[in-house]
$ cat entry.txt   # compact mmCIF, C-alpha atoms
# COMPACT_ATOMS: atom_id res chain seq x y z
CA MET Z 1 0.00 0.00 0.00
CA ASN Z 2 1.27 3.46 -0.88
CA ASP Z 3 -0.08 5.31 2.10
CA PRO Z 4 1.77 8.60 2.20
CA ASN Z 5 2.88 10.22 5.42
CA TRP Z 6 0.70 13.33 5.36
CA ASN Z 7 2.89 15.34 7.74
CA GLU Z 8 5.74 14.93 5.32
CA VAL Z 9 3.68 15.70 2.21
CA THR Z 10 2.15 18.88 3.66
CA GLY Z 11 5.52 20.02 4.98
CA LEU Z 12 7.13 19.37 1.62
CA VAL Z 13 4.49 21.41 -0.24
CA LEU Z 14 4.95 24.34 2.18
CA ILE Z 15 8.74 24.14 1.86
CA LEU Z 16 8.52 24.06 -1.94
CA LEU Z 17 6.29 27.17 -1.92
CA GLY Z 18 8.76 28.87 0.42
CA VAL Z 19 11.73 28.08 -1.81
CA LEU Z 20 9.79 29.47 -4.78
CA PHE Z 21 9.13 32.74 -2.89
CA ASP Z 22 12.81 32.94 -1.88
CA LEU Z 23 13.86 32.44 -5.49
CA PHE Z 24 11.54 35.18 -6.79
CA GLY Z 25 12.80 37.56 -4.10
CA CYS Z 26 16.42 36.93 -5.04
CA VAL Z 27 15.63 37.39 -8.74
CA GLY Z 28 14.19 40.77 -7.72
CA LEU Z 29 17.42 41.51 -5.85
CA VAL Z 30 19.40 40.99 -9.06
CA ARG Z 31 17.04 42.48 -11.64
CA LEU Z 32 15.61 45.66 -10.09
CA PRO Z 33 17.28 49.01 -10.77
CA ASP Z 34 18.04 50.75 -7.45
CA VAL Z 35 18.56 50.08 -3.74
CA TYR Z 36 15.02 50.93 -2.63
CA ASN Z 37 13.35 48.70 -5.23
CA ARG Z 38 15.70 45.88 -4.30
CA ILE Z 39 15.00 46.28 -0.58
CA GLN Z 40 11.25 46.14 -0.96
CA ALA Z 41 11.13 43.23 -3.43
CA ALA Z 42 13.74 41.07 -1.77
CA THR Z 43 12.69 41.65 1.84
CA LYS Z 44 9.00 40.95 1.34
CA CYS Z 45 9.46 37.85 -0.80
CA VAL Z 46 12.27 36.36 1.29
CA VAL Z 47 10.49 36.95 4.61
CA VAL Z 48 7.37 35.17 3.35
CA GLY Z 49 9.48 32.41 1.82
CA THR Z 50 11.46 31.80 5.00
CA THR Z 51 8.26 31.84 7.07
CA LEU Z 52 6.74 29.21 4.78
CA ILE Z 53 9.89 27.06 4.98
CA LEU Z 54 9.86 27.23 8.79
CA LEU Z 55 6.14 26.40 8.83
CA GLY Z 56 6.81 23.45 6.53
CA SER Z 57 9.59 22.07 8.71
CA MET Z 58 7.36 22.49 11.77
CA VAL Z 59 4.63 20.45 10.09
CA TRP Z 60 7.16 17.89 8.86
CA LEU Z 61 8.86 17.36 12.26
CA ALA Z 62 5.55 17.60 14.19
CA SER Z 63 7.03 17.41 17.67
CA PRO Z 64 6.27 19.90 20.50
CA GLN Z 65 9.81 21.27 20.66
CA ALA Z 66 9.96 21.72 16.87
CA VAL Z 67 6.65 23.60 16.88
CA LEU Z 68 7.75 25.85 19.75
CA LYS Z 69 11.13 26.66 18.21
CA GLY Z 70 9.60 27.11 14.76
CA LEU Z 71 7.00 29.56 16.06
CA LEU Z 72 9.69 31.54 17.92
CA CYS Z 73 11.84 31.58 14.79
CA ILE Z 74 8.92 32.77 12.63
CA LEU Z 75 8.18 35.54 15.14
CA PHE Z 76 11.81 36.71 15.19
CA THR Z 77 12.12 36.55 11.39
CA LEU Z 78 8.97 38.62 10.87
CA LEU Z 79 10.02 41.22 13.45
CA THR Z 80 13.72 41.53 12.71
CA SER Z 81 13.77 41.36 8.90
CA SER Z 82 11.30 44.19 8.46
CA THR Z 83 13.07 46.30 11.08
CA ALA Z 84 16.44 45.68 9.47
CA ALA Z 85 15.09 46.55 6.02
CA HIS Z 86 13.61 49.79 7.39
CA ALA Z 87 16.90 50.73 9.05
CA LEU Z 88 18.84 49.98 5.87
CA ALA Z 89 16.49 51.99 3.65
CA ARG Z 90 16.61 54.95 6.03
CA ALA Z 91 20.39 54.79 6.29
CA ALA Z 92 20.72 54.57 2.49
CA HIS Z 93 18.44 57.60 2.01
CA LEU Z 94 20.18 59.68 4.69
CA SER Z 95 23.63 58.82 3.32
CA GLY Z 96 22.52 60.13 -0.08
CA VAL Z 97 22.05 57.08 -2.30
CA GLU Z 98 20.35 58.28 -5.49
CA LEU Z 99 16.91 57.09 -6.56
CA TRP Z 100 16.44 55.43 -9.95
CA LYS Z 101 16.21 58.05 -12.71
CA HIS Z 102 12.58 57.12 -13.55
CA SER Z 103 11.35 57.31 -9.95
CA VAL Z 104 8.43 59.74 -9.66
CA VAL Z 105 8.00 60.56 -5.96
CA ASP Z 106 10.23 60.86 -2.88
CA ARG Z 107 8.08 61.67 0.16
CA TYR Z 108 10.92 61.31 2.66
CA ALA Z 109 13.03 63.97 0.94
CA GLU Z 110 9.96 66.27 0.75
CA ASP Z 111 9.33 65.77 4.47
CA ARG Z 112 12.94 66.48 5.33
CA ARG Z 113 12.96 69.65 3.20
CA ALA Z 114 9.71 70.82 4.87
CA ALA Z 115 11.18 70.18 8.32
CA GLU Z 116 14.30 72.14 7.40
CA ARG Z 117 12.18 75.08 6.17
CA GLU Z 118 10.18 75.10 9.41
CA GLU Z 119 13.37 75.11 11.42
CA GLY Z 120 14.62 78.03 9.34
CA THR Z 121 11.52 80.19 9.94
CA ALA Z 122 11.11 79.35 13.62
CA MET M 123 7.05 5.43 0.03
CA LEU M 124 8.89 8.69 0.21
CA ALA M 125 7.89 11.31 -2.35
CA SER M 126 10.39 13.69 -0.75
CA GLU M 127 13.42 11.95 -2.25
CA TYR M 128 12.59 13.38 -5.67
CA PHE M 129 12.11 16.93 -4.39
CA VAL M 130 15.13 17.28 -2.12
CA PRO M 131 17.61 18.16 -4.92
CA LEU M 132 15.09 20.72 -6.19
CA LEU M 133 14.94 22.41 -2.77
CA ILE M 134 18.72 22.47 -2.39
CA VAL M 135 19.31 23.80 -5.91
CA GLY M 136 16.63 26.48 -5.45
CA LEU M 137 18.16 27.79 -2.24
CA LEU M 138 21.69 27.62 -3.67
CA LEU M 139 20.45 29.73 -6.61
CA CYS M 140 19.12 32.25 -4.06
CA CYS M 141 22.51 32.36 -2.37
CA GLY M 142 24.16 32.77 -5.77
CA PHE M 143 21.96 35.75 -6.66
CA CYS M 144 22.75 37.36 -3.29
CA LEU M 145 26.48 36.76 -3.81
CA TYR M 146 26.25 38.33 -7.29
CA ARG M 147 24.72 41.44 -5.74
CA ILE M 148 27.35 41.48 -2.98
CA ALA M 149 30.14 41.17 -5.55
CA ASN M 150 29.03 43.97 -7.88
CA GLY M 151 26.42 46.09 -6.17
CA PRO M 152 27.02 49.65 -7.35
CA THR M 153 26.71 51.18 -3.84
CA ALA M 154 27.57 50.00 -0.33
CA ALA M 155 23.86 49.94 0.54
CA ASP M 156 23.23 47.33 -2.19
CA ARG M 157 25.82 45.07 -0.65
CA MET M 158 24.35 45.47 2.83
CA VAL M 159 20.85 44.62 1.56
CA ALA M 160 22.24 41.50 -0.12
CA ILE M 161 24.01 40.45 3.11
CA ASP M 162 20.75 40.91 5.05
CA ILE M 163 18.78 38.83 2.51
CA LEU M 164 21.50 36.15 2.50
CA GLY M 165 21.11 35.84 6.28
CA THR M 166 17.36 35.29 5.95
CA VAL M 167 17.87 32.70 3.19
CA VAL M 168 20.32 30.82 5.42
CA VAL M 169 17.65 30.65 8.17
CA GLY M 170 15.40 28.87 5.67
CA PHE M 171 18.28 26.60 4.63
CA VAL M 172 18.89 25.52 8.24
CA ALA M 173 15.16 24.86 8.69
CA ILE M 174 15.17 22.61 5.61
CA ILE M 175 18.20 20.71 6.94
CA ALA M 176 16.37 20.28 10.27
CA ALA M 177 13.30 18.88 8.48
CA LEU M 178 15.30 16.53 6.23
CA SER M 179 17.45 15.13 9.03
CA GLY M 180 14.54 14.97 11.50
CA LYS M 181 16.50 16.73 14.24
CA ALA M 182 14.47 19.47 15.88
CA TYR M 183 17.43 20.94 17.76
CA LEU M 184 18.81 22.33 14.50
CA LEU M 185 16.02 24.93 14.65
CA ASP M 186 17.98 26.52 17.52
CA VAL M 187 20.70 27.31 15.00
CA ALA M 188 18.15 29.06 12.77
CA LEU M 189 16.87 31.07 15.74
CA VAL M 190 20.33 32.26 16.79
CA TRP M 191 21.29 32.97 13.18
CA ALA M 192 18.22 35.20 12.71
CA LEU M 193 19.06 37.25 15.81
CA VAL M 194 22.77 37.62 15.02
CA ALA M 195 22.04 38.61 11.40
CA PHE M 196 19.60 41.25 12.67
CA ILE M 197 22.17 42.79 15.02
CA GLY M 198 24.77 42.72 12.25
CA THR M 199 22.46 44.48 9.83
CA LEU M 200 21.63 47.18 12.37
CA ALA M 201 25.35 47.74 12.96
CA LEU M 202 25.91 48.03 9.19
CA ALA M 203 23.06 50.56 8.92
CA LYS M 204 24.63 52.64 11.71
CA TYR M 205 27.96 52.46 9.90
CA LEU M 206 26.29 53.70 6.70
CA LEU M 207 24.92 56.70 8.62
CA GLY M 208 28.45 57.48 9.81
CA LYS M 209 27.60 57.18 13.50
CA GLU M 210 29.29 55.38 16.36
CA LEU M 211 27.63 52.13 17.38
CA ASP M 212 26.42 53.33 20.79
CA GLU M 213 24.64 56.48 19.57
$ encode --input "entry.txt" --output "structure tokens"
Amino acid sequence: MNDPNWNEVTGLVLILLGVLFDLFGCVGLVRLPDVYNRIQAATKCVVVGTTLILLGSMVWLASPQAVLKGLLCILFTLLTSSTAAHALARAAHLSGVELWKHSVVDRYAEDRRAAEREEGTA
Amino acid sequence: MLASEYFVPLLIVGLLLCCGFCLYRIANGPTAADRMVAIDILGTVVVGFVAIIAALSGKAYLLDVALVWALVAFIGTLALAKYLLGKELDE
């Protein structure tokens, strides 16, 4: 009888989806034109991909300690990757990395100019 | 019957391709910020890699490695962002 182990099959499907997300995110990292585009594409795709991979290995292992550690790891990945991407984007903008030449809007620069003007008049 | 045996090379090759793309961006990113983003993404990909190794070998304690790796990569990225701003690390 070919009775599949459903923990393993479900985990494998989740891990495959996660690897696919990771791959698309890294293609975005190579193909997109400037730092800010690369940050947003790669971070979002890779965070979801890694979360799916961790979920898949939790389902595959299916033991209490694996579930606990997997949930902790998912929590930390979701929190820290987005924070790190925000810090990197802010640091890149403040250190004067140029936007792509076809970019249409830069709200952060507008805000900073407005704040400087207010400081000047006050 | 293990269906996973056919998919394991696919998983490994997919994640190695991810690492290769990140290394390409680290090697010839035009600015320093590009390289830092690629290092950050490479850290997150490695967390997924460790999780896959834990699932394939059936050893749950390997997930500890993923946990610690995620935290250390986060602190490293924050330090790199501070460096990019030109500040000292304790500001």
$ interface_residues --input "entry.txt" --of "chain M" --to "chain Z" --cutoff "8 Å" --atoms "only C-alpha atoms" --output "JSON, numbers by chain"
{"M": [123, 124, 125, 126, 133, 136, 137, 139, 140, 143, 144, 146, 147, 153, 155, 156, 158, 159, 160, 162, 163, 166, 167, 169, 170, 173, 174, 176, 177, 180, 181, 182, 183, 185, 186, 188, 189, 192, 193, 196, 199, 200, 203, 204, 206, 207]}
$ atom_distance --input "entry.txt" --atom1 "CA of Glu110 (chain Z)" --atom2 "CA of Ala41 (chain Z)"
23.4 Å
$ atom_distance --input "entry.txt" --atom1 "CA of Phe171 (chain M)" --atom2 "CA of Trp191 (chain M)"
11.1 Å
$ atom_distance --input "entry.txt" --atom1 "CA of Lys101 (chain Z)" --atom2 "CA of Asn37 (chain Z)"
12.3 Å
$ closest_residue --input "entry.txt" --among "M:Gly142, M:Ala201, M:Pro152, M:Leu184" --to "Leu164 (chain M)" --atoms "only C-alpha atoms"
M:Gly142
$ closest_residue --input "entry.txt" --among "M:Ile161, M:Ala154, M:Val168, M:Leu178" --to "Leu138 (chain M)" --atoms "all atoms listed in the file"
M:Val168
$ build_atoms --input "entry.txt" --residues "region 142-174 of chain M" --atoms "N, CA and C atoms" --output "mmCIF file, in the coordinates of the input"
data_model
loop_
_atom_site.group_PDB
_atom_site.id
_atom_site.type_symbol
_atom_site.label_atom_id
_atom_site.label_comp_id
_atom_site.auth_asym_id
_atom_site.auth_seq_id
_atom_site.Cartn_x
_atom_site.Cartn_y
_atom_site.Cartn_z
ATOM 1 N N GLY M 142 23.355 32.282 -4.658
ATOM 2 C CA GLY M 142 24.160 32.770 -5.770
ATOM 3 C C GLY M 142 23.752 34.162 -6.210
ATOM 4 N N PHE M 143 22.432 34.409 -6.295
ATOM 5 C CA PHE M 143 21.960 35.750 -6.660
ATOM 6 C C PHE M 143 22.426 36.775 -5.636
ATOM 7 N N CYS M 144 22.301 36.428 -4.330
ATOM 8 C CA CYS M 144 22.750 37.360 -3.290
ATOM 9 C C CYS M 144 24.244 37.623 -3.414
ATOM 10 N N LEU M 145 25.023 36.564 -3.700
ATOM 11 C CA LEU M 145 26.480 36.760 -3.810
ATOM 12 C C LEU M 145 26.815 37.618 -5.016
ATOM 13 N N TYR M 146 26.038 37.460 -6.126
ATOM 14 C CA TYR M 146 26.250 38.330 -7.290
ATOM 15 C C TYR M 146 26.068 39.783 -6.895
ATOM 16 N N ARG M 147 25.004 40.054 -6.123
ATOM 17 C CA ARG M 147 24.720 41.440 -5.740
ATOM 18 C C ARG M 147 25.765 41.950 -4.747
ATOM 19 N N ILE M 148 26.288 41.048 -3.894
ATOM 20 C CA ILE M 148 27.350 41.480 -2.980
ATOM 21 C C ILE M 148 28.616 41.798 -3.775
ATOM 22 N N ALA M 149 28.896 40.993 -4.819
ATOM 23 C CA ALA M 149 30.140 41.170 -5.550
ATOM 24 C C ALA M 149 30.122 42.442 -6.371
ATOM 25 N N ASN M 150 29.014 42.747 -7.081
ATOM 26 C CA ASN M 150 29.030 43.970 -7.880
ATOM 27 C C ASN M 150 27.780 44.813 -7.700
ATOM 28 N N GLY M 151 27.409 45.052 -6.422
ATOM 29 C CA GLY M 151 26.420 46.090 -6.170
ATOM 30 C C GLY M 151 27.062 47.435 -6.400
ATOM 31 N N PRO M 152 26.365 48.369 -7.079
ATOM 32 C CA PRO M 152 27.020 49.650 -7.350
ATOM 33 C C PRO M 152 27.316 50.455 -6.078
ATOM 34 N N THR M 153 26.453 50.413 -5.059
ATOM 35 C CA THR M 153 26.710 51.180 -3.840
ATOM 36 C C THR M 153 26.907 50.235 -2.667
ATOM 37 N N ALA M 154 27.394 50.810 -1.547
ATOM 38 C CA ALA M 154 27.570 50.000 -0.330
ATOM 39 C C ALA M 154 26.232 49.511 0.190
ATOM 40 N N ALA M 155 25.176 50.330 0.026
ATOM 41 C CA ALA M 155 23.860 49.940 0.540
ATOM 42 C C ALA M 155 23.350 48.682 -0.152
ATOM 43 N N ASP M 156 23.629 48.555 -1.470
ATOM 44 C CA ASP M 156 23.230 47.330 -2.190
ATOM 45 C C ASP M 156 23.857 46.106 -1.558
ATOM 46 N N ARG M 157 25.133 46.230 -1.225
ATOM 47 C CA ARG M 157 25.820 45.070 -0.650
ATOM 48 C C ARG M 157 25.249 44.720 0.711
ATOM 49 N N MET M 158 24.914 45.760 1.505
ATOM 50 C CA MET M 158 24.350 45.470 2.830
ATOM 51 C C MET M 158 22.995 44.806 2.713
ATOM 52 N N VAL M 159 22.158 45.262 1.762
ATOM 53 C CA VAL M 159 20.850 44.620 1.560
ATOM 54 C C VAL M 159 21.040 43.157 1.185
ATOM 55 N N ALA M 160 22.011 42.885 0.309
ATOM 56 C CA ALA M 160 22.240 41.500 -0.120
ATOM 57 C C ALA M 160 22.714 40.646 1.048
ATOM 58 N N ILE M 161 23.547 41.218 1.945
ATOM 59 C CA ILE M 161 24.010 40.450 3.110
ATOM 60 C C ILE M 161 22.826 40.130 4.019
ATOM 61 N N ASP M 162 21.931 41.119 4.207
ATOM 62 C CA ASP M 162 20.750 40.910 5.050
ATOM 63 C C ASP M 162 19.882 39.784 4.476
ATOM 64 N N ILE M 163 19.632 39.842 3.149
ATOM 65 C CA ILE M 163 18.780 38.830 2.510
ATOM 66 C C ILE M 163 19.451 37.464 2.580
ATOM 67 N N LEU M 164 20.777 37.432 2.421
ATOM 68 C CA LEU M 164 21.500 36.150 2.500
ATOM 69 C C LEU M 164 21.315 35.524 3.878
ATOM 70 N N GLY M 165 21.342 36.368 4.937
ATOM 71 C CA GLY M 165 21.110 35.840 6.280
ATOM 72 C C GLY M 165 19.744 35.202 6.412
ATOM 73 N N THR M 166 18.708 35.856 5.848
ATOM 74 C CA THR M 166 17.360 35.290 5.950
ATOM 75 C C THR M 166 17.239 33.993 5.156
ATOM 76 N N VAL M 167 17.902 33.929 3.981
ATOM 77 C CA VAL M 167 17.870 32.700 3.190
ATOM 78 C C VAL M 167 18.523 31.555 3.950
ATOM 79 N N VAL M 168 19.619 31.870 4.670
ATOM 80 C CA VAL M 168 20.320 30.820 5.420
ATOM 81 C C VAL M 168 19.437 30.278 6.535
ATOM 82 N N VAL M 169 18.597 31.145 7.160
ATOM 83 C CA VAL M 169 17.650 30.650 8.170
ATOM 84 C C VAL M 169 16.739 29.587 7.552
ATOM 85 N N GLY M 170 16.231 29.869 6.340
ATOM 86 C CA GLY M 170 15.400 28.870 5.670
ATOM 87 C C GLY M 170 16.170 27.602 5.356
ATOM 88 N N PHE M 171 17.437 27.762 4.959
ATOM 89 C CA PHE M 171 18.280 26.600 4.630
ATOM 90 C C PHE M 171 18.432 25.693 5.859
ATOM 91 N N VAL M 172 18.718 26.302 7.023
ATOM 92 C CA VAL M 172 18.890 25.520 8.240
ATOM 93 C C VAL M 172 17.585 24.804 8.595
ATOM 94 N N ALA M 173 16.449 25.495 8.391
ATOM 95 C CA ALA M 173 15.160 24.860 8.690
ATOM 96 C C ALA M 173 14.941 23.649 7.802
ATOM 97 N N ILE M 174 15.321 23.747 6.516
ATOM 98 C CA ILE M 174 15.170 22.610 5.610
ATOM 99 C C ILE M 174 16.060 21.456 6.051
#
